[in-house]
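Asker: Below is a structure I'd like to ask you about.
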Amino acid sequence: MPEITSEQLARLVNGTLTGDGARRLTALAPLESASSDCVSFLANAKYAQQLSQTSAGVVLVARGVVREGGDYIQTDDPYSAFVTTLEYFNPAMEPSAGIHPSASIDASAVVGKDVAIGPHCVVEANAEIADGAMLEAQVYVGRGAKVGRKSHLHPNVSIRHGCVIGERVIIHCGTVVGSDGFGFAPEKGKFRKIPQVGNVVIEDDVEIGANTTIDRATMGETRIGCGTKIDNLVQIAHNVKIGKHCVIAAQAGISGSTQFGDYCRVGGQAGFIGHIKIGDGAAFGAQSGIASDVGAGEILSGSPARPHGLWKRIEATVPRLPELLRRVKRIEEHLGLKEPAKEERVER
Amino acid sequence: MPEITSEQLARLVNGTLTGDGARRLTALAPLESASSDCVSFLANAKYAQQLSQTSAGVVLVARGVVREGGDYIQTDDPYSAFVTTLEYFNPAMEPSAGIHPSASIDASAVVGKDVAIGPHCVVEANAEIADGAMLEAQVYVGRGAKVGRKSHLHPNVSIRHGCVIGERVIIHCGTVVGSDGFGFAPEKGKFRKIPQVGNVVIEDDVEIGANTTIDRATMGETRIGCGTKIDNLVQIAHNVKIGKHCVIAAQAGISGSTQFGDYCRVGGQAGFIGHIKIGDGAAFGAQSGIASDVGAGEILSGSPARPHGLWKRIEATVPRLPELLRRVKRIEEHLGLKEPAKEERVER
Amino acid sequence: MPEITSEQLARLVNGTLTGDGARRLTALAPLESASSDCVSFLANAKYAQQLSQTSAGVVLVARGVVREGGDYIQTDDPYSAFVTTLEYFNPAMEPSAGIHPSASIDASAVVGKDVAIGPHCVVEANAEIADGAMLEAQVYVGRGAKVGRKSHLHPNVSIRHGCVIGERVIIHCGTVVGSDGFGFAPEKGKFRKIPQVGNVVIEDDVEIGANTTIDRATMGETRIGCGTKIDNLVQIAHNVKIGKHCVIAAQAGISGSTQFGDYCRVGGQAGFIGHIKIGDGAAFGAQSGIASDVGAGEILSGSPARPHGLWKRIEATVPRLPELLRRVKRIEEHLGLKEPAKEERVER
């Protein structure tokens, strides 16, 4: 296990140590469970009272924060310092390069240097696996598909033919890239399949969670912009374009041909109709339902989605609906106005 | 790549050409990106103004539509003509029949003629794979399961024991057919598993998206009617019956024993309670929640679902709730009526 | 096929037989389709009129219930008796222990007695598969992961490194345990991945459906309590804790660090925000959305979730909103009060 002294740690995170520079630290732990050989961190001022109670050897804090009676390291961004420390104590497993003898790799596939291909993987004709890429066990890469440099596909991932995965992309178990878009033409009482002849392009530094599905385009491409992060069980339909550095939480669904700008944030289980445009930096609450274009920077909640502030005011009023009905009835009685007959009331 | 002349294309789509019959066409493209060696199409009158701007060599249009200053083919159904043309330029990959040496096929399994079974597939005891079926890589077919003629299972599909897949069925990557239904009997503070001893029957010409789950029946069968199309990440619980030619969009969920008629349409992320009946041709908005029987042809939206027209009128009124509350208060003040005390207001 | 006499069956289910003890029974079937050599059952008084019409040889009923003109067995709990009978007629397939030659098992893995490992499975370094465990085809078990005694992993399941699966756990096809939690720190206009170095612990007697995803903890563990049952396509995020004997229906999603007590029930497609606490025995309607702590025994519905009774009263009033608006307008006209101008009405 890696070890570090307080002084070395302060240097690693560009911080200022107050306390014993020779203290040996062997792990990172939350404030409440950290012992004297642990680093801990206070990233959120809300938990400041835990600072006085922790047994941690040293605590990463923001500039200006002081830990009474214990060692601490002030940094500009304690959350970044936490991530750096977490990485230090948990170095990424270097895959041992090499192709497992049980992998099935077509003779026409191009496999780069320092590639790891695990047991029972399948790489079809004319596929390309670039230098340093890692395919864990049971991965499928279809004919002509490309996996970029240093990308990492976890077990049971399926990349269908012709799809393009950029560099340093991470795709978690069970995710499907390039399944057919859902397109059918009604014809004589049946549905006729519309061939889905486009592909999917995943740009560099994208991470995609487990059991997510990204459909290939009918024609052209479905595209996920660089740096975007997609969670588990997300549905991305054919011809969708997602911009750069977006975040899409679990179980969200985006219908066909919808286009997102950059830096958008989508809450869990949110749903988007097809063929709409979402501006840069727009954000969407969990379970929201979006059925029309959204401007840059808008924040929407609810289904159908409304501006977040309005949605909050409406939701504060909704529980008062039965009361409101009683009050209107009382006014009508007071005025001698007849209540509408039942059949006039509830519309169909 | 396939090539076709305008005259040949007009014959292929049963259309009437206006323009140069000898023009060579090498691809199909949308109006905005088509060049002079491309076919394009105008299926929706909404985009008619693009017709005057496109560089396409020839455009598929409806009877009665004219393209000024360019070649065009009039057809009864330009959308069908588009699909036919798309198929012409993108002929389906003929799987090379044959069983990959790494596939694990039980000696008692019955494998028909012209079957393709890809690397690392598993076909268990007494399973049957009919003529012309294609199992891509890493497919699992459990004991006694049947895959019908010309059906196509994509990588990482799991068909569990005893399930029956019809003819010309397409199942995309990662989908699970025949997992146990979710059934437990509470007993002495624990849950006792109810054995799920039925199966799943998928009728002919069904297509199922990626990472969808269809549970086997407790007793009897879960059944998907012929021609029905199911998108990605859909949940179909035990003993559900879906009729013929239904369309079920991504992430919808249907609870146990619910029965659908034919030609129903289900929007994305819609949810259905168990043990209800849905009439032929009923349609459901995205994110709708359905908790009781639905008549034939009904169109419902919202959660809880209401008739679509009523739902639209309600949703138009909802943003006016805070205003409505203020108006009632003003009336009460005008009449000298006291507003209810806070504790009378919000009910629990 | 197993066979049993009425008398033997009465003894098996601790019941009291009225009728012919020598009757031979060969199957279990629902009341409407049971023939004279079948057992059937009446577990729900709602279906009592079917009792007089069924052709079943014998029917399992509750104490006090009488079947006129036919044999029956009274038991304390006819639903339990039904499950016992279903198990009798459908004995669990005993896996034939043994390791398929195509499985790839690291030399450092520890494999117990009577273990079944199917074709194309992968068991990585230092993993442990305990006595009597069954890995069906194409299962992945990562380095250092543990699968407990008599646990059963269905095809295409992925258990990532370091995760711990208890005893008698059942995990259905395509489910992923231990994918990385969705954690990123914004840094200079990009997202920096936060290493996810914790694991997932699944306690004894848990059952997990198909294509579900359970993420590993950032630090520490994600934990599913003993006896809990999770359906298909459920998302469980990093550091979530689920108590004992909970039931979570399909497509529900639980965000990071949320903690459930014991005996909670979650409806399909329900969603939970992160970092909240749910008390023992709380229950949640389908499609509900929960954004704050919930006390023990509370029953919530709707999104945002409200106490079930209030939610029902609100939903009964919602369709009357357009009517309510008209009534308020009529009162204002009656009083000569001016309706608010349009720009005052709908808030943003």
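Here's how to read the names in the structure tokens: chain A, B, ... by the order shown, residue numbers from 1 in each chain, ligand numbers from 1 in the order shown.
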May I have all residues of range 72-316 of chain B that DSSP, computed from the backbone, assigns to alpha helix (DSSP H), given as a PDB file with N, CA and C atoms, in the first residue's frame?
Answerer:
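That gives us selection.pdb:
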ATOM      1  N   PRO B  78     -43.986   8.631 -50.498  1.00  0.00           N
ATOM      2  CA  PRO B  78     -42.547   8.912 -50.592  1.00  0.00           C
ATOM      3  C   PRO B  78     -41.746   8.337 -49.417  1.00  0.00           C
ATOM      4  N   TYR B  79     -42.392   8.131 -48.264  1.00  0.00           N
ATOM      5  CA  TYR B  79     -41.672   7.573 -47.113  1.00  0.00           C
ATOM      6  C   TYR B  79     -41.324   6.113 -47.378  1.00  0.00           C
ATOM      7  N   SER B  80     -42.293   5.362 -47.913  1.00  0.00           N
ATOM      8  CA  SER B  80     -42.010   3.981 -48.305  1.00  0.00           C
ATOM      9  C   SER B  80     -40.945   3.943 -49.393  1.00  0.00           C
ATOM     10  N   ALA B  81     -41.032   4.874 -50.337  1.00  0.00           N
ATOM     11  CA  ALA B  81     -40.038   4.918 -51.416  1.00  0.00           C
ATOM     12  C   ALA B  81     -38.655   5.190 -50.851  1.00  0.00           C
ATOM     13  N   PHE B  82     -38.595   6.057 -49.838  1.00  0.00           N
ATOM     14  CA  PHE B  82     -37.326   6.330 -49.140  1.00  0.00           C
ATOM     15  C   PHE B  82     -36.767   5.055 -48.506  1.00  0.00           C
ATOM     16  N   VAL B  83     -37.636   4.292 -47.823  1.00  0.00           N
ATOM     17  CA  VAL B  83     -37.159   3.060 -47.177  1.00  0.00           C
ATOM     18  C   VAL B  83     -36.655   2.073 -48.231  1.00  0.00           C
ATOM     19  N   THR B  84     -37.390   1.949 -49.331  1.00  0.00           N
ATOM     20  CA  THR B  84     -36.971   1.041 -50.408  1.00  0.00           C
ATOM     21  C   THR B  84     -35.603   1.447 -50.959  1.00  0.00           C
ATOM     22  N   THR B  85     -35.413   2.753 -51.136  1.00  0.00           N
ATOM     23  CA  THR B  85     -34.143   3.253 -51.668  1.00  0.00           C
ATOM     24  C   THR B  85     -33.009   3.023 -50.668  1.00  0.00           C
ATOM     25  N   LEU B  86     -33.307   3.269 -49.384  1.00  0.00           N
ATOM     26  CA  LEU B  86     -32.313   3.051 -48.329  1.00  0.00           C
ATOM     27  C   LEU B  86     -31.878   1.581 -48.317  1.00  0.00           C
ATOM     28  N   GLU B  87     -32.847   0.693 -48.478  1.00  0.00           N
ATOM     29  CA  GLU B  87     -32.521  -0.733 -48.539  1.00  0.00           C
ATOM     30  C   GLU B  87     -31.660  -1.051 -49.756  1.00  0.00           C
ATOM     31  N   TYR B  88     -31.982  -0.397 -50.890  1.00  0.00           N
ATOM     32  CA  TYR B  88     -31.221  -0.670 -52.115  1.00  0.00           C
ATOM     33  C   TYR B  88     -29.747  -0.313 -51.933  1.00  0.00           C
ATOM     34  N   PHE B  89     -29.493   0.829 -51.315  1.00  0.00           N
ATOM     35  CA  PHE B  89     -28.107   1.285 -51.159  1.00  0.00           C
ATOM     36  C   PHE B  89     -27.385   0.596 -50.001  1.00  0.00           C
ATOM     37  N   HIS B 308     -56.280  12.539 -23.261  1.00  0.00           N
ATOM     38  CA  HIS B 308     -55.272  13.490 -23.708  1.00  0.00           C
ATOM     39  C   HIS B 308     -55.781  14.933 -23.749  1.00  0.00           C
ATOM     40  N   GLY B 309     -57.019  15.151 -24.224  1.00  0.00           N
ATOM     41  CA  GLY B 309     -57.557  16.500 -24.318  1.00  0.00           C
ATOM     42  C   GLY B 309     -57.713  17.132 -22.941  1.00  0.00           C
ATOM     43  N   LEU B 310     -58.253  16.370 -22.005  1.00  0.00           N
ATOM     44  CA  LEU B 310     -58.407  16.871 -20.640  1.00  0.00           C
ATOM     45  C   LEU B 310     -57.032  17.179 -20.035  1.00  0.00           C
ATOM     46  N   TRP B 311     -56.097  16.263 -20.249  1.00  0.00           N
ATOM     47  CA  TRP B 311     -54.749  16.459 -19.714  1.00  0.00           C
ATOM     48  C   TRP B 311     -54.160  17.774 -20.227  1.00  0.00           C
ATOM     49  N   LYS B 312     -54.364  18.069 -21.502  1.00  0.00           N
ATOM     50  CA  LYS B 312     -53.829  19.311 -22.065  1.00  0.00           C
ATOM     51  C   LYS B 312     -54.489  20.530 -21.425  1.00  0.00           C
ATOM     52  N   ARG B 313     -55.811  20.459 -21.221  1.00  0.00           N
ATOM     53  CA  ARG B 313     -56.491  21.595 -20.587  1.00  0.00           C
ATOM     54  C   ARG B 313     -56.024  21.772 -19.146  1.00  0.00           C
ATOM     55  N   ILE B 314     -55.844  20.646 -18.441  1.00  0.00           N
ATOM     56  CA  ILE B 314     -55.355  20.753 -17.059  1.00  0.00           C
ATOM     57  C   ILE B 314     -53.964  21.375 -17.041  1.00  0.00           C
ATOM     58  N   GLU B 315     -53.087  20.866 -17.886  1.00  0.00           N
ATOM     59  CA  GLU B 315     -51.702  21.352 -17.860  1.00  0.00           C
ATOM     60  C   GLU B 315     -51.621  22.825 -18.246  1.00  0.00           C
ATOM     61  N   ALA B 316     -52.584  23.293 -19.076  1.00  0.00           N
ATOM     62  CA  ALA B 316     -52.611  24.724 -19.401  1.00  0.00           C
ATOM     63  C   ALA B 316     -53.001  25.542 -18.185  1.00  0.00           C
TER      64      ALA B 316
END
Asker: Could you tell me which residues of chain B sit within 8 Å of chain C when counting only C-alpha atoms, and give me the result as a PyMOL selection string?
Answerer: chain B and resi 104+120+122+138+140+156+158+174-176+179-180+182+185+187+189-191+194-195+197+211-213+219+233+235+251+253+271+289+304+310-311+313-314+317-320+323-324+327-328+331+347-348
Asker: Could you jot down the CA of Val13 in chain C to CA of Val65 in chain C separation for me, Å, one decimal place?
Answerer: 16.0 Å
Asker: In Å to one decimal, how far is CA of Ile290 in chain A from CA of Ala237 in chain B?
Answerer: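 Interatomic distance here is 27.3 Å.
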Asker: Between CA of Val147 in chain A and CA of Ala133 in chain A, what is the distance, to one decimal in Å?
Answerer: 7.2 Å
